[in-house]
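Structure data (TSV, C-alpha atoms) from target-v2.tsv:
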```
chain	number	residue	atom	x	y	z
A	1	MET	CA	-3.22	-10.65	19.30
A	2	LEU	CA	-2.17	-8.06	16.80
A	3	ASN	CA	-0.63	-8.68	13.39
A	4	CYS	CA	-0.56	-5.56	11.21
A	5	ALA	CA	1.98	-4.66	8.57
A	6	VAL	CA	2.08	-1.48	6.51
A	7	ILE	CA	4.79	-0.88	3.92
A	8	MET	CA	5.37	1.55	1.09
A	9	GLY	CA	7.87	1.04	-1.68
A	10	ARG	CA	8.35	0.16	-5.34
A	11	LEU	CA	7.46	-3.06	-7.12
A	12	THR	CA	10.54	-4.99	-8.22
A	13	ALA	CA	8.77	-6.69	-11.15
A	14	ASP	CA	5.43	-6.68	-12.98
A	15	PRO	CA	2.86	-8.61	-10.94
A	16	GLU	CA	1.45	-11.69	-12.70
A	17	LEU	CA	-2.14	-12.70	-12.08
A	18	ARG	CA	-2.64	-16.43	-11.57
A	19	THR	CA	-5.72	-18.47	-10.77
A	20	THR	CA	-6.01	-21.37	-8.34
A	21	PRO	CA	-7.71	-24.60	-9.48
A	22	ASN	CA	-10.81	-23.31	-7.65
A	23	GLY	CA	-10.82	-20.13	-9.77
A	24	ILE	CA	-9.50	-17.73	-7.11
A	25	SER	CA	-7.23	-14.91	-8.35
A	26	VAL	CA	-3.83	-14.56	-6.70
A	27	THR	CA	-0.67	-12.58	-7.37
A	28	SER	CA	2.68	-12.45	-5.61
A	29	PHE	CA	5.11	-9.58	-5.86
A	30	SER	CA	8.07	-8.06	-4.09
A	31	VAL	CA	8.27	-4.49	-2.79
A	32	ALA	CA	11.59	-2.69	-2.36
A	33	VAL	CA	11.40	-0.63	0.85
A	34	ASP	CA	14.21	1.73	1.83
A	35	ARG	CA	15.26	1.68	5.47
A	36	SER	CA	14.81	4.96	7.29
A	37	TYR	CA	18.27	4.95	8.89
A	38	GLN	CA	21.37	5.60	6.81
A	39	ARG	CA	24.89	5.62	8.20
A	40	ALA	CA	27.08	8.53	7.16
A	41	GLY	CA	29.06	7.70	4.05
A	42	GLU	CA	27.08	4.56	3.24
A	43	GLU	CA	24.30	3.88	0.78
A	44	ARG	CA	20.78	3.55	2.10
A	45	GLN	CA	19.83	-0.09	2.75
A	46	THR	CA	16.78	-1.61	1.07
A	47	ASP	CA	14.62	-4.53	2.15
A	48	PHE	CA	12.78	-6.64	-0.42
A	49	ILE	CA	9.49	-7.75	1.09
A	50	ASN	CA	7.33	-10.47	-0.45
A	51	VAL	CA	3.60	-9.79	-0.71
A	52	VAL	CA	0.70	-12.00	-1.79
A	53	ALA	CA	-2.71	-10.62	-2.74
A	54	TRP	CA	-5.90	-12.60	-3.28
A	55	ARG	CA	-9.19	-12.15	-5.17
A	56	ASN	CA	-10.14	-8.55	-6.04
A	57	THR	CA	-6.96	-7.15	-4.50
A	58	ALA	CA	-4.87	-9.43	-6.75
A	59	GLU	CA	-6.82	-8.33	-9.82
A	60	PHE	CA	-6.43	-4.66	-8.85
A	61	VAL	CA	-2.65	-4.97	-8.38
A	62	SER	CA	-2.10	-6.86	-11.62
A	63	ARG	CA	-4.19	-4.37	-13.58
A	64	TYR	CA	-2.85	-1.06	-12.28
A	65	PHE	CA	0.70	-1.64	-11.03
A	66	ARG	CA	3.93	-2.30	-12.94
A	67	LYS	CA	7.60	-2.69	-12.12
A	68	GLY	CA	8.79	0.50	-10.43
A	69	SER	CA	5.30	1.60	-9.36
A	70	MET	CA	5.09	3.09	-5.89
A	71	ILE	CA	2.64	1.08	-3.80
A	72	ALA	CA	1.36	1.09	-0.21
A	73	VAL	CA	0.38	-2.29	1.22
A	74	GLN	CA	-1.58	-2.94	4.41
A	75	GLY	CA	-2.02	-6.50	5.59
A	76	SER	CA	-0.73	-9.15	7.96
A	77	ILE	CA	2.50	-11.10	8.15
A	78	GLN	CA	2.20	-14.83	7.59
A	79	THR	CA	4.73	-17.62	7.57
A	80	ARG	CA	4.61	-20.90	5.72
A	81	ASN	CA	6.93	-23.86	5.76
A	82	TYR	CA	8.09	-25.58	2.61
A	83	GLU	CA	10.83	-27.84	1.31
A	84	ASP	CA	13.23	-26.47	-1.31
A	85	ARG	CA	14.51	-28.40	-4.35
A	86	ASN	CA	17.40	-29.81	-2.33
A	87	GLY	CA	15.09	-31.17	0.37
A	88	ASN	CA	15.96	-28.48	2.92
A	89	LYS	CA	13.16	-27.22	5.15
A	90	ARG	CA	12.55	-23.49	4.73
A	91	THR	CA	10.21	-20.86	6.14
A	92	ALA	CA	8.77	-18.09	3.98
A	93	PHE	CA	7.69	-14.78	5.48
A	94	GLU	CA	5.27	-12.66	3.48
A	95	ILE	CA	2.64	-10.00	3.85
A	96	VAL	CA	-0.88	-11.04	2.88
A	97	ALA	CA	-2.34	-7.83	1.49
A	98	ASP	CA	-5.73	-6.65	2.69
A	99	ASN	CA	-5.51	-3.22	1.04
A	100	VAL	CA	-3.22	-1.66	-1.54
A	101	SER	CA	-3.04	1.98	-2.57
A	102	PHE	CA	-1.41	4.17	-5.17
A	103	CYS	CA	1.38	6.36	-3.81
A	104	GLY	CA	2.73	8.30	-6.76
A	105	SER	CA	1.45	10.26	-9.69
A	106	LYS	CA	0.04	8.41	-12.67
A	107	SER	CA	3.19	9.00	-14.68
A	108	GLU	CA	5.40	7.74	-11.82
A	109	SER	CA	3.41	4.56	-11.32
A	110	GLY	CA	3.27	3.68	-15.00
A	111	THR	CA	-0.53	3.45	-15.04
A	112	THR	CA	-1.15	5.85	-17.90
A	113	GLY	CA	-2.07	2.93	-20.14
A	114	GLY	CA	0.24	4.08	-22.92
A	115	ALA	CA	-1.26	7.57	-23.08
A	116	PRO	CA	1.17	10.44	-22.73
A	117	ALA	CA	1.40	11.80	-19.21
A	118	ARG	CA	-0.28	15.17	-18.79
A	119	GLN	CA	1.16	17.94	-16.71
A	120	ALA	CA	-1.12	18.86	-13.84
A	121	ALA	CA	-2.52	22.39	-13.81
A	122	PRO	CA	-1.26	24.56	-10.96
A	123	ALA	CA	-3.47	24.15	-7.94
A	124	ALA	CA	-5.56	27.06	-6.74
A	125	PRO	CA	-4.64	28.34	-3.30
A	126	ALA	CA	-6.60	26.80	-0.46
A	127	PRO	CA	-9.46	28.95	0.81
A	128	SER	CA	-8.78	30.82	4.00
A	129	PHE	CA	-11.03	30.12	6.97
A	130	SER	CA	-10.74	33.67	8.21
A	131	THR	CA	-12.53	35.15	5.18
A	132	GLY	CA	-16.02	33.99	6.22
A	133	SER	CA	-18.40	35.84	8.47
A	134	ALA	CA	-19.91	34.59	11.71
A	135	ASP	CA	-23.40	35.87	10.84
A	136	ASP	CA	-24.81	32.32	10.57
A	137	PHE	CA	-23.94	31.47	14.19
A	138	ASP	CA	-25.96	32.29	17.30
A	139	ASP	CA	-24.45	33.11	20.66
A	140	LEU	CA	-25.34	30.62	23.37
A	141	SER	CA	-26.46	32.07	26.68
A	142	SER	CA	-26.27	28.98	28.90
A	143	ASP	CA	-25.01	25.38	29.00
A	144	GLU	CA	-28.58	24.09	28.71
A	145	GLU	CA	-28.60	25.02	25.04
A	146	LEU	CA	-25.81	22.49	24.37
A	147	LEU	CA	-28.01	19.44	24.87
A	148	PRO	CA	-28.02	17.28	21.75
A	149	PHE	CA	-31.76	16.47	21.78
```

Hey, can you dump this file as structure tokens for me?
Amino acid sequence: MLNCAVIMGRLTADPELRTTPNGISVTSFSVAVDRSYQRAGEERQTDFINVVAWRNTAEFVSRYFRKGSMIAVQGSIQTRNYEDRNGNKRTAFEIVADNVSFCGSKSESGTTGGAPARQAAPAAPAPSFSTGSADDFDDLSSDEELLPF
């Protein structure tokens, strides 16, 4: 069996950390995820996906993410049955987060902690692999020299 879900989107509200009677941290939040297909002349559709995070993951999300923060969530889809206020039976679908990651800059995700966002310095160009010499490498004369031990 395989049950893997990976989404990336923006939080629709600030996550609130709660604690179960047994002292386990939990937070629930919703992620707005744009659909990849857009019909010509129409606005892009968005899905709002419910996520629940437990223990350290819940504490991490509630500490570092705010409404509008870009977030990547990896977990599994779970369903649970419940009865609404009118007595109707309902089924909830949600992702139980195993891992969450930052996806934007600090200033985009709102995690600057009130400090002004700093502009990043221009990045240095990546080193070229062709600038090195091959003096450190020996030529192999036969396949016998390729044995690992």

Exercise. With only C-alpha atoms as the atoms that count, which of A:Val52, A:Leu2, A:Val61, A:Met8 lies nearest to Arg35 of chain A?
Worked result: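 Using only C-alpha atoms, Arg35 of chain A sits closest to A:Met8.
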
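With atom CA of Ala32 of chain A on one side and atom CA of Gly68 of chain A on the other, the separation reads 9.1 Å.
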
Problem set entry | Thr57 of chain A environment, 8 Å, all atoms listed in the file, sequence neighbours closer than 3 positions dropped, as a ChimeraX atom specification | /A:53-54,60-61,97-100

For this session: Would you mind listing what lies within 8 Å of Ser101 of chain A as a list in words, with only C-alpha atoms counted and same-chain residues fewer than 2 positions away left out?
Result: Ile71, Ala72, Val73, Asn99 and Cys103 of chain A

Around all the atoms of segment 71-90 of chain A listed in the file, with 4 Å of room on each side, what axis-aligned box do you get, giving centre and edge lengths in Å to one decimal, as AutoDock Vina command-line options?
```
--center_x 7.7 --center_y -15.0 --center_z 1.9 --size_x 27.4 --size_y 40.3 --size_z 20.5
```

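When all atoms listed in the file are used to measure the gap to Ser62 of chain A, the shortest distance among A:Thr12, A:Cys4, A:Asn22, A:Ser28 belongs to A:Ser28.
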
Problem set entry | Distance in Å - atom CA of Gly75 of chain A versus atom CA of Gln38 of chain A |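 Value for the atom CA of Gly75 of chain A-atom CA of Gln38 of chain A distance: 26.4 Å.
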